[in-house]
$ cat entry_1.txt   # compact mmCIF, C-alpha atoms
# COMPACT_ATOMS: atom_id res chain seq x y z
CA MET A 19 2.94 16.65 -5.03
CA ILE A 20 -0.47 14.95 -5.07
CA ASN A 21 -0.61 11.56 -3.38
CA LYS A 22 -1.75 9.15 -6.11
CA GLU A 23 -3.30 6.46 -3.94
CA PRO A 24 -6.03 8.62 -2.32
CA LEU A 25 -6.90 9.98 -5.75
CA LEU A 26 -7.40 6.47 -7.09
CA THR A 27 -9.71 5.72 -4.21
CA VAL A 28 -11.66 8.92 -4.82
CA LYS A 29 -12.24 8.13 -8.45
CA LYS A 30 -13.41 4.62 -7.75
CA ARG A 31 -15.96 5.98 -5.27
CA THR A 32 -17.16 9.19 -6.99
CA ILE A 33 -20.42 7.95 -8.55
CA SER A 34 -20.97 5.56 -5.64
CA ILE A 35 -21.16 8.51 -3.28
CA LEU A 36 -23.71 10.22 -5.49
CA LEU A 37 -25.97 7.18 -5.43
CA CYS A 38 -25.40 6.36 -1.76
CA ALA A 39 -23.53 3.25 -2.78
CA LEU A 40 -21.01 4.05 -0.08
CA ILE A 41 -23.70 3.08 2.39
CA LEU A 42 -24.04 -0.30 0.74
CA SER A 43 -20.80 -2.06 -0.11
CA ARG A 44 -20.74 -3.41 -3.66
CA ALA A 45 -19.08 -6.46 -2.19
CA ALA A 46 -22.07 -7.05 0.08
CA THR A 47 -22.27 -10.30 1.97
CA SER A 48 -25.13 -12.34 3.32
CA GLN A 49 -24.53 -10.74 6.71
CA GLN A 50 -26.07 -7.59 5.29
CA GLN A 51 -29.44 -9.28 4.84
CA PRO A 52 -32.04 -8.85 7.59
CA PRO A 53 -31.80 -11.63 10.20
CA ASN A 54 -33.93 -14.72 9.59
CA GLY A 55 -37.58 -14.00 10.19
CA GLN A 56 -37.07 -10.22 10.13
CA GLN A 57 -38.75 -8.38 7.26
CA SER A 58 -37.17 -5.45 5.41
CA PRO A 59 -38.79 -2.10 6.22
CA THR A 60 -41.73 -1.09 4.04
CA LEU A 61 -41.14 1.57 1.38
CA SER A 62 -43.67 4.28 2.18
CA PRO A 63 -45.44 5.82 -0.85
CA PRO A 64 -44.74 9.47 -1.71
CA GLN A 65 -46.58 11.91 0.54
CA PRO A 66 -49.88 13.28 -0.85
CA GLY A 67 -49.36 16.12 -3.31
CA PHE A 68 -45.73 15.27 -4.11
CA ALA A 69 -44.96 15.11 -7.85
CA PHE A 70 -41.85 13.65 -9.44
CA PRO A 71 -40.48 15.71 -12.37
CA GLN A 72 -42.13 15.31 -15.76
CA LYS A 73 -38.86 16.31 -17.40
CA GLN A 74 -35.80 17.66 -15.61
CA THR A 75 -31.99 17.58 -15.89
CA LEU A 76 -29.74 18.15 -12.86
CA THR A 77 -26.00 18.71 -13.21
CA TYR A 78 -23.62 18.46 -10.24
CA SER A 79 -20.00 19.54 -10.03
CA VAL A 80 -17.87 17.20 -7.91
CA ASP A 81 -14.89 18.30 -5.81
CA TRP A 82 -12.42 16.29 -3.77
CA ARG A 83 -10.93 18.60 -1.13
CA VAL A 84 -9.89 21.58 -3.30
CA PHE A 85 -9.58 19.63 -6.57
CA PRO A 86 -12.28 19.35 -9.27
CA ALA A 87 -12.97 15.61 -9.47
CA GLY A 88 -15.82 15.11 -11.93
CA THR A 89 -19.34 15.85 -13.07
CA ALA A 90 -22.62 14.00 -12.66
CA VAL A 91 -25.71 14.58 -14.81
CA LEU A 92 -29.14 13.17 -13.93
CA HIS A 93 -32.21 13.24 -16.13
CA PHE A 94 -35.82 12.57 -15.12
CA GLU A 95 -38.50 11.63 -17.65
CA ALA A 96 -42.13 10.67 -17.02
CA ALA A 97 -43.31 7.54 -18.86
CA GLY A 98 -46.97 6.90 -18.06
CA ASP A 99 -47.30 5.65 -14.49
CA ARG A 100 -43.53 5.21 -14.25
CA GLU A 101 -40.59 7.54 -13.83
CA LYS A 102 -37.31 6.95 -15.63
CA VAL A 103 -34.09 8.29 -14.15
CA SER A 104 -30.73 8.19 -15.91
CA ALA A 105 -27.33 9.27 -14.62
CA ASN A 106 -23.93 9.78 -16.23
CA ALA A 107 -20.82 10.36 -14.14
CA ASP A 108 -17.31 11.10 -15.41
CA THR A 109 -14.00 12.02 -13.86
CA ILE A 110 -12.22 15.12 -15.16
CA GLY A 111 -8.82 16.83 -15.10
CA ALA A 112 -5.82 15.34 -13.29
CA ILE A 113 -7.93 12.68 -11.61
CA ASN A 114 -9.15 11.48 -14.99
CA LEU A 115 -5.55 11.01 -16.11
CA LEU A 116 -4.80 8.82 -13.09
CA PHE A 117 -7.95 6.70 -13.13
CA HIS A 118 -10.71 7.11 -15.72
CA VAL A 119 -14.32 6.62 -14.60
CA SER A 120 -17.32 6.79 -16.91
CA ASP A 121 -20.46 5.26 -15.36
CA LYS A 122 -24.01 5.14 -16.69
CA PHE A 123 -27.07 4.23 -14.63
CA GLN A 124 -30.77 3.98 -15.40
CA SER A 125 -33.74 3.23 -13.20
CA SER A 126 -37.48 2.77 -13.76
CA PHE A 127 -39.88 3.07 -10.83
CA ASP A 128 -43.57 3.41 -10.00
CA ARG A 129 -44.50 7.10 -9.65
CA ALA A 130 -47.36 6.40 -7.24
CA ARG A 131 -45.61 3.95 -4.89
CA GLY A 132 -41.88 4.53 -5.49
CA CYS A 133 -41.17 0.82 -6.18
CA THR A 134 -38.23 0.17 -8.49
CA TYR A 135 -38.88 -2.15 -11.44
CA GLU A 136 -35.50 -2.13 -13.17
CA PHE A 137 -32.01 -0.81 -12.40
CA ASP A 138 -29.31 -0.87 -15.11
CA LYS A 139 -25.61 -0.13 -14.65
CA GLN A 140 -22.74 0.22 -17.10
CA THR A 141 -19.53 0.92 -15.22
CA VAL A 142 -16.14 1.75 -16.69
CA GLU A 143 -13.67 2.20 -13.84
CA GLY A 144 -10.09 1.78 -14.99
CA ARG A 145 -9.79 -1.74 -16.38
CA ARG A 146 -13.06 -2.80 -14.80
CA GLN A 147 -16.02 -2.81 -17.23
CA ILE A 148 -19.31 -4.33 -16.08
CA SER A 149 -22.83 -4.23 -17.51
CA SER A 150 -25.74 -5.37 -15.34
CA THR A 151 -29.53 -5.30 -15.18
CA LEU A 152 -31.46 -5.86 -11.96
CA LYS A 153 -35.19 -6.54 -12.39
CA LEU A 154 -37.64 -6.67 -9.50
CA ASP A 155 -40.61 -8.97 -10.08
CA TYR A 156 -43.10 -8.11 -7.33
CA GLU A 157 -45.72 -10.59 -8.53
CA GLN A 158 -43.29 -13.48 -8.05
CA SER A 159 -41.51 -11.80 -5.10
CA LYS A 160 -38.04 -12.13 -6.58
CA SER A 161 -35.18 -10.10 -8.03
CA ILE A 162 -33.33 -11.16 -11.16
CA LEU A 163 -29.76 -10.06 -11.87
CA GLU A 164 -28.11 -10.37 -15.28
CA GLU A 165 -24.47 -9.29 -15.24
CA LYS A 166 -21.69 -9.41 -17.84
CA ASN A 167 -17.99 -8.63 -17.56
CA LEU A 168 -17.23 -6.74 -20.76
CA VAL A 169 -13.50 -7.43 -20.43
CA ASN A 170 -13.44 -11.24 -20.14
CA GLY A 171 -16.97 -11.99 -21.41
CA GLN A 172 -18.07 -13.87 -18.27
CA SER A 173 -21.79 -13.69 -17.45
CA LYS A 174 -23.82 -14.20 -14.28
CA HIS A 175 -27.51 -14.89 -13.65
CA VAL A 176 -28.82 -14.77 -10.07
CA GLU A 177 -32.34 -14.85 -8.62
CA GLN A 178 -33.20 -13.97 -5.01
CA PRO A 179 -36.45 -13.66 -3.04
CA ILE A 180 -37.60 -10.16 -2.12
CA SER A 181 -40.23 -8.88 0.27
CA GLY A 182 -42.31 -5.82 -0.44
CA CYS A 183 -41.59 -2.65 -2.38
CA LEU A 184 -37.92 -1.61 -2.76
CA THR A 185 -35.93 1.31 -4.15
CA ASP A 186 -32.48 1.25 -5.77
CA LEU A 187 -29.21 3.16 -5.43
CA LEU A 188 -29.99 5.63 -8.22
CA THR A 189 -33.57 6.34 -7.20
CA GLY A 190 -33.00 6.32 -3.43
CA ILE A 191 -31.72 9.89 -3.00
CA TYR A 192 -34.54 11.32 -5.09
CA TYR A 193 -37.26 9.03 -3.76
CA ALA A 194 -36.36 10.31 -0.28
CA ALA A 195 -37.44 13.77 -1.45
CA SER A 196 -41.02 12.46 -1.57
CA GLN A 197 -41.07 11.86 2.19
CA PRO A 198 -41.88 14.35 4.98
CA MET A 199 -38.72 15.94 6.39
CA VAL A 200 -39.19 17.08 9.98
CA VAL A 201 -36.13 18.11 11.98
CA GLY A 202 -35.40 15.59 14.71
CA ARG A 203 -37.24 12.74 13.00
CA SER A 204 -36.06 9.88 10.76
CA PHE A 205 -37.49 7.58 8.13
CA VAL A 206 -36.17 4.29 6.76
CA ILE A 207 -35.99 3.17 3.13
CA PRO A 208 -35.11 -0.36 1.92
CA VAL A 209 -32.44 -0.05 -0.80
CA VAL A 210 -31.56 -2.97 -3.09
CA ASP A 211 -28.32 -3.49 -5.02
CA ALA A 212 -26.21 -6.50 -6.00
CA MET A 213 -28.99 -8.82 -4.86
CA HIS A 214 -29.03 -7.53 -1.29
CA THR A 215 -31.40 -5.25 0.60
CA VAL A 216 -30.13 -2.84 3.24
CA PRO A 217 -32.37 -0.60 5.43
CA VAL A 218 -31.09 2.97 5.19
CA THR A 219 -32.12 5.42 7.90
CA MET A 220 -32.51 9.04 6.79
CA LYS A 221 -31.91 11.27 9.82
CA VAL A 222 -33.31 14.80 9.44
CA GLU A 223 -30.74 16.79 11.44
CA GLY A 224 -31.40 20.51 10.93
CA LYS A 225 -31.80 23.47 8.61
CA GLU A 226 -29.05 25.40 6.83
CA GLU A 227 -28.56 28.00 4.12
CA ILE A 228 -26.43 26.53 1.31
CA LYS A 229 -24.63 28.38 -1.49
CA THR A 230 -24.33 26.63 -4.86
CA PRO A 231 -23.17 27.75 -8.32
CA ILE A 232 -26.81 28.50 -9.23
CA GLY A 233 -27.80 30.36 -6.07
CA THR A 234 -28.39 30.22 -2.34
CA PHE A 235 -31.01 27.86 -0.91
CA LYS A 236 -32.71 27.31 2.42
CA THR A 237 -32.27 23.60 3.04
CA VAL A 238 -32.93 20.65 5.34
CA ARG A 239 -29.81 18.59 6.15
CA VAL A 240 -30.33 14.81 6.12
CA GLN A 241 -27.80 12.14 7.10
CA PRO A 242 -28.20 8.64 5.60
CA THR A 243 -26.91 5.86 7.86
CA ALA A 244 -26.87 2.06 7.67
CA ASP A 245 -25.60 -0.87 9.71
CA ALA A 246 -23.74 -2.29 6.71
CA GLY A 247 -21.52 -1.11 3.87
CA VAL A 248 -18.27 0.73 3.39
CA VAL A 249 -19.33 3.89 5.23
CA LYS A 250 -19.92 2.05 8.50
CA ASN A 251 -17.28 3.26 11.00
CA ARG A 252 -15.40 5.08 8.21
CA GLY A 253 -17.12 8.39 7.65
CA ASN A 254 -20.35 10.30 7.15
CA ILE A 255 -22.68 11.32 4.33
CA TRP A 256 -25.04 14.31 4.26
CA ILE A 257 -27.61 15.49 1.74
CA TRP A 258 -29.06 19.00 1.70
CA TYR A 259 -32.63 19.17 0.33
CA THR A 260 -34.42 22.44 -0.37
CA ASP A 261 -36.75 23.36 2.48
CA ASP A 262 -39.89 23.35 0.35
CA ASP A 263 -42.35 20.89 -1.16
CA LYS A 264 -39.90 19.82 -3.92
CA HIS A 265 -37.03 18.77 -1.60
CA LEU A 266 -34.50 19.21 -4.40
CA PRO A 267 -31.06 17.84 -3.40
CA VAL A 268 -28.76 20.82 -3.99
CA GLN A 269 -25.68 19.51 -2.18
CA MET A 270 -24.27 16.12 -1.13
CA ARG A 271 -21.14 15.48 0.90
CA ALA A 272 -19.19 12.42 2.01
CA ARG A 273 -16.52 12.87 4.69
CA LEU A 274 -14.34 9.78 4.72
CA PHE A 275 -10.93 8.87 6.11
CA TRP A 276 -9.19 9.84 2.84
CA GLY A 277 -10.90 13.20 2.45
CA THR A 278 -14.15 14.94 1.66
CA ILE A 279 -16.11 14.75 -1.60
CA THR A 280 -18.79 17.37 -2.29
CA PHE A 281 -21.48 17.45 -4.98
CA ARG A 282 -22.97 20.89 -5.69
CA LEU A 283 -25.89 21.56 -8.00
CA SER A 284 -24.55 23.59 -10.91
CA ALA A 285 -27.52 23.46 -13.31
CA ASN A 286 -31.25 22.72 -13.07
CA GLU A 287 -32.96 22.63 -16.44
CA ALA A 288 -36.46 21.68 -17.56
CA LYS A 289 -35.33 19.50 -20.46

$ encode --input "entry_1.txt" --output "structure tokens"
Amino acid sequence: MINKEPLLTVKKRTISILLCALILSRAATSQQQPPNGQQSPTLSPPQPGFAFPQKQTLTYSVDWRVFPAGTAVLHFEAAGDREKVSANADTIGAINLLFHVSDKFQSSFDRARGCTYEFDKQTVEGRRQISSTLKLDYEQSKSILEEKNLVNGQSKHVEQPISGCLTDLLTGIYYAASQPMVVGRSFVIPVVDAMHTVPVTMKVEGKEEIKTPIGTFKTVRVQPTADAGVVKNRGNIWIWYTDDDKHLPVQMRARLFWGTITFRLSANEAK
């Protein structure tokens, strides 16, 4: 008999793992902000010659232990000097019967610098239904959050100061692909969500050959870590990027106290 409680936890966290939200707790507190007087790390621009997709759709199958847990579909579209990324994530099968999740995310960022301009979320997780838009105004050095609870109709408007160029939870994994990946070295990216910024260290650990539903890839294994969020002291996350100039993330894995979730690339289409 399947234990219901771990399954509920898995479904609540499925899309969060994909977007590295497990590194940054959604219930972030002011303690997660850099100490007074300490600036957030600078978001380095993409390395010379790197090109974000003009049009591309990535589909991932999601497994929890030995059970199919869901699917996640991401689409990239060039829009002038900006890149638009959208993501849909849904639970499937027995897990879907226990706790339905259907989340939609969209991000717009600067193709040349990587800076996020807008991050939209529509989350349906059981009885929880939230719609939010986070805008980053770099000219005025502030972020603006508009959030609405679609169940009770309550709305929230919050403005916070920001410093420098930032990325978001949706863009972060794929922005990281634009950085050099040298085994034994690390780079830090400032990730913003829920009005807080958390420095995430990307540790390049080693090289591996990874099998996916669409083939076998030579990859570079990277471990994201942070000093705040729900992953701290609870588990580990790894991302396997192809060992080439594209750094395509073909596999992602979160090993937590309640089990292991794995995302495997199951389709890569130029559409």

$ axis_aligned_box --input "entry_1.txt" --around "stretch 265-274 of chain A" --padding-each-side "6 Å" --output "lines of an AutoDock Vina configuration file"
center_x = -25.7
center_y = 15.3
center_z = 0.2
size_x = 34.7
size_y = 23.0
size_z = 21.1

$ closest_residue --input "entry_1.txt" --among "A:Leu168, A:Gln269, A:Ala285, A:Cys183" --to "A:His93" --atoms "only C-alpha atoms"
A:Ala285

$ atom_distance --input "entry_1.txt" --atom1 "atom CA of A:Asp263" --atom2 "atom CA of A:Phe281"
21.5 Å

$ residues_around --input "entry_1.txt" --residues "stretch 198-208 of chain A" --least-positions-apart "4" --cutoff "6 Å" --atoms "all atoms listed in the file" --output "list in words"
Pro59, Leu61, Leu184, Val216, Pro217, Val218, Thr219, Met220, Lys221, Val222, Glu223 and Gly224 of chain A

$ write_last_selection --input "entry_1.txt" --atoms "C-alpha atoms" --output "PDB file, keeping the file's coordinate frame"
ATOM      1  CA  PRO A  59     -38.790  -2.100   6.220  1.00  0.00           C
ATOM      2  CA  LEU A  61     -41.140   1.570   1.380  1.00  0.00           C
ATOM      3  CA  LEU A 184     -37.920  -1.610  -2.760  1.00  0.00           C
ATOM      4  CA  VAL A 216     -30.130  -2.840   3.240  1.00  0.00           C
ATOM      5  CA  PRO A 217     -32.370  -0.600   5.430  1.00  0.00           C
ATOM      6  CA  VAL A 218     -31.090   2.970   5.190  1.00  0.00           C
ATOM      7  CA  THR A 219     -32.120   5.420   7.900  1.00  0.00           C
ATOM      8  CA  MET A 220     -32.510   9.040   6.790  1.00  0.00           C
ATOM      9  CA  LYS A 221     -31.910  11.270   9.820  1.00  0.00           C
ATOM     10  CA  VAL A 222     -33.310  14.800   9.440  1.00  0.00           C
ATOM     11  CA  GLU A 223     -30.740  16.790  11.440  1.00  0.00           C
ATOM     12  CA  GLY A 224     -31.400  20.510  10.930  1.00  0.00           C
TER      13      GLY A 224
END

$ closest_residue --input "entry_1.txt" --among "A:Gly190, A:Gly132, A:Gly233, A:Gly98" --to "A:Phe68" --atoms "only C-alpha atoms"
A:Gly132

$ atom_distance --input "entry_1.txt" --atom1 "atom CA of A:Thr77" --atom2 "atom CA of A:Ser284"
5.6 Å

$ closest_residue --input "entry_1.txt" --among "A:Tyr193, A:Tyr156, A:Trp256, A:Phe94" --to "A:Val209" --atoms "all atoms listed in the file"
A:Tyr193

$ closest_residue --input "entry_1.txt" --among "A:Gln241, A:Thr260, A:Thr185, A:Thr234" --to "A:Thr60" --atoms "all atoms listed in the file"
A:Thr185

$ residues_around --input "entry_1.txt" --residues "A:Ser126" --least-positions-apart "5" --cutoff "6 Å" --atoms "all atoms listed in the file" --output "ChimeraX atom specification"
/A:101-102,134-136

$ write_last_selection --input "entry_1.txt" --atoms "C-alpha atoms" --output "PDB file, in the coordinates of the input"
ATOM      1  CA  GLU A 101     -40.590   7.540 -13.830  1.00  0.00           C
ATOM      2  CA  LYS A 102     -37.310   6.950 -15.630  1.00  0.00           C
ATOM      3  CA  THR A 134     -38.230   0.170  -8.490  1.00  0.00           C
ATOM      4  CA  TYR A 135     -38.880  -2.150 -11.440  1.00  0.00           C
ATOM      5  CA  GLU A 136     -35.500  -2.130 -13.170  1.00  0.00           C
TER       6      GLU A 136
END

$ closest_residue --input "entry_1.txt" --among "A:Val268, A:Ile279, A:Val210, A:Leu163" --to "A:Leu76" --atoms "only C-alpha atoms"
A:Val268

$ closest_residue --input "entry_1.txt" --among "A:Lys122, A:Arg239, A:Lys229, A:Lys139" --to "A:Arg282" --atoms "only C-alpha atoms"
A:Lys229

$ atom_distance --input "entry_1.txt" --atom1 "atom CA of A:His214" --atom2 "atom CA of A:Tyr259"
27.0 Å

$ residues_near_point --input "entry_1.txt" --point "(-40.8, -12.9, -10.7)" --cutoff "12 Å" --atoms "only C-alpha atoms" --output "ChimeraX atom specification"
/A:135,152-163,177-181

$ decode --input "entry_1.txt" --residues "stretch 178-190 of chain A" --atoms "all heavy atoms" --output "PDB file, in the first residue's frame"
ATOM      1  N   GLN A 178       9.828  46.154  -3.286  1.00  0.00           N
ATOM      2  CA  GLN A 178      11.063  45.988  -2.528  1.00  0.00           C
ATOM      3  C   GLN A 178      12.236  46.501  -3.350  1.00  0.00           C
ATOM      4  O   GLN A 178      12.226  46.403  -4.584  1.00  0.00           O
ATOM      5  CB  GLN A 178      11.292  44.505  -2.190  1.00  0.00           C
ATOM      6  CG  GLN A 178      10.276  43.886  -1.259  1.00  0.00           C
ATOM      7  CD  GLN A 178      10.492  44.310   0.191  1.00  0.00           C
ATOM      8  OE1 GLN A 178      11.498  44.929   0.523  1.00  0.00           O
ATOM      9  NE2 GLN A 178       9.549  43.965   1.062  1.00  0.00           N
ATOM     10  N   PRO A 179      13.270  47.042  -2.691  1.00  0.00           N
ATOM     11  CA  PRO A 179      14.467  47.467  -3.431  1.00  0.00           C
ATOM     12  C   PRO A 179      15.259  46.262  -3.931  1.00  0.00           C
ATOM     13  O   PRO A 179      15.280  45.206  -3.291  1.00  0.00           O
ATOM     14  CB  PRO A 179      15.254  48.256  -2.380  1.00  0.00           C
ATOM     15  CG  PRO A 179      14.803  47.700  -1.066  1.00  0.00           C
ATOM     16  CD  PRO A 179      13.360  47.335  -1.243  1.00  0.00           C
ATOM     17  N   ILE A 180      15.882  46.404  -5.071  1.00  0.00           N
ATOM     18  CA  ILE A 180      16.759  45.365  -5.604  1.00  0.00           C
ATOM     19  C   ILE A 180      18.084  46.004  -5.982  1.00  0.00           C
ATOM     20  O   ILE A 180      18.193  47.216  -6.160  1.00  0.00           O
ATOM     21  CB  ILE A 180      16.147  44.657  -6.833  1.00  0.00           C
ATOM     22  CG1 ILE A 180      15.867  45.665  -7.962  1.00  0.00           C
ATOM     23  CG2 ILE A 180      14.897  43.889  -6.449  1.00  0.00           C
ATOM     24  CD1 ILE A 180      15.415  45.009  -9.260  1.00  0.00           C
ATOM     25  N   SER A 181      19.094  45.167  -6.120  1.00  0.00           N
ATOM     26  CA  SER A 181      20.423  45.651  -6.475  1.00  0.00           C
ATOM     27  C   SER A 181      20.977  44.810  -7.607  1.00  0.00           C
ATOM     28  O   SER A 181      21.182  43.607  -7.461  1.00  0.00           O
ATOM     29  CB  SER A 181      21.346  45.580  -5.261  1.00  0.00           C
ATOM     30  OG  SER A 181      22.671  45.937  -5.611  1.00  0.00           O
ATOM     31  N   GLY A 182      21.174  45.434  -8.749  1.00  0.00           N
ATOM     32  CA  GLY A 182      21.793  44.736  -9.864  1.00  0.00           C
ATOM     33  C   GLY A 182      20.855  43.801 -10.602  1.00  0.00           C
ATOM     34  O   GLY A 182      19.665  43.708 -10.328  1.00  0.00           O
ATOM     35  N   CYS A 183      21.421  43.080 -11.545  1.00  0.00           N
ATOM     36  CA  CYS A 183      20.704  42.176 -12.433  1.00  0.00           C
ATOM     37  C   CYS A 183      20.392  40.863 -11.726  1.00  0.00           C
ATOM     38  O   CYS A 183      21.242  40.290 -11.043  1.00  0.00           O
ATOM     39  CB  CYS A 183      21.579  41.932 -13.660  1.00  0.00           C
ATOM     40  SG  CYS A 183      20.837  40.940 -14.938  1.00  0.00           S
ATOM     41  N   LEU A 184      19.153  40.360 -11.872  1.00  0.00           N
ATOM     42  CA  LEU A 184      18.717  39.147 -11.184  1.00  0.00           C
ATOM     43  C   LEU A 184      18.071  38.181 -12.169  1.00  0.00           C
ATOM     44  O   LEU A 184      17.547  38.578 -13.213  1.00  0.00           O
ATOM     45  CB  LEU A 184      17.699  39.484 -10.086  1.00  0.00           C
ATOM     46  CG  LEU A 184      18.127  40.493  -9.019  1.00  0.00           C
ATOM     47  CD1 LEU A 184      16.935  40.843  -8.128  1.00  0.00           C
ATOM     48  CD2 LEU A 184      19.280  39.953  -8.183  1.00  0.00           C
ATOM     49  N   THR A 185      18.074  36.904 -11.816  1.00  0.00           N
ATOM     50  CA  THR A 185      17.331  35.905 -12.566  1.00  0.00           C
ATOM     51  C   THR A 185      16.212  35.368 -11.681  1.00  0.00           C
ATOM     52  O   THR A 185      16.133  35.692 -10.499  1.00  0.00           O
ATOM     53  CB  THR A 185      18.245  34.763 -13.058  1.00  0.00           C
ATOM     54  OG1 THR A 185      17.498  33.915 -13.951  1.00  0.00           O
ATOM     55  CG2 THR A 185      18.758  33.922 -11.905  1.00  0.00           C
ATOM     56  N   ASP A 186      15.315  34.565 -12.250  1.00  0.00           N
ATOM     57  CA  ASP A 186      14.170  34.051 -11.506  1.00  0.00           C
ATOM     58  C   ASP A 186      14.209  32.532 -11.463  1.00  0.00           C
ATOM     59  O   ASP A 186      15.085  31.891 -12.049  1.00  0.00           O
ATOM     60  CB  ASP A 186      12.865  34.529 -12.158  1.00  0.00           C
ATOM     61  CG  ASP A 186      12.724  34.024 -13.584  1.00  0.00           C
ATOM     62  OD1 ASP A 186      12.256  32.884 -13.772  1.00  0.00           O
ATOM     63  OD2 ASP A 186      13.097  34.752 -14.519  1.00  0.00           O
ATOM     64  N   LEU A 187      13.233  31.934 -10.757  1.00  0.00           N
ATOM     65  CA  LEU A 187      13.213  30.491 -10.572  1.00  0.00           C
ATOM     66  C   LEU A 187      13.066  29.721 -11.873  1.00  0.00           C
ATOM     67  O   LEU A 187      13.655  28.657 -12.051  1.00  0.00           O
ATOM     68  CB  LEU A 187      12.071  30.111  -9.625  1.00  0.00           C
ATOM     69  CG  LEU A 187      12.205  30.589  -8.188  1.00  0.00           C
ATOM     70  CD1 LEU A 187      10.941  30.272  -7.404  1.00  0.00           C
ATOM     71  CD2 LEU A 187      13.416  29.961  -7.512  1.00  0.00           C
ATOM     72  N   LEU A 188      12.260  30.229 -12.800  1.00  0.00           N
ATOM     73  CA  LEU A 188      12.058  29.538 -14.075  1.00  0.00           C
ATOM     74  C   LEU A 188      13.287  29.645 -14.965  1.00  0.00           C
ATOM     75  O   LEU A 188      13.732  28.672 -15.558  1.00  0.00           O
ATOM     76  CB  LEU A 188      10.840  30.131 -14.795  1.00  0.00           C
ATOM     77  CG  LEU A 188      10.552  29.591 -16.198  1.00  0.00           C
ATOM     78  CD1 LEU A 188      10.378  28.077 -16.167  1.00  0.00           C
ATOM     79  CD2 LEU A 188       9.312  30.255 -16.781  1.00  0.00           C
ATOM     80  N   THR A 189      13.847  30.840 -15.049  1.00  0.00           N
ATOM     81  CA  THR A 189      14.976  31.077 -15.938  1.00  0.00           C
ATOM     82  C   THR A 189      16.278  30.504 -15.395  1.00  0.00           C
ATOM     83  O   THR A 189      17.163  30.109 -16.165  1.00  0.00           O
ATOM     84  CB  THR A 189      15.152  32.597 -16.172  1.00  0.00           C
ATOM     85  OG1 THR A 189      13.940  33.136 -16.697  1.00  0.00           O
ATOM     86  CG2 THR A 189      16.279  32.888 -17.146  1.00  0.00           C
ATOM     87  N   GLY A 190      16.410  30.439 -14.062  1.00  0.00           N
ATOM     88  CA  GLY A 190      17.691  30.124 -13.433  1.00  0.00           C
ATOM     89  C   GLY A 190      18.404  28.901 -13.968  1.00  0.00           C
ATOM     90  O   GLY A 190      19.608  28.938 -14.256  1.00  0.00           O
TER      91      GLY A 190
END
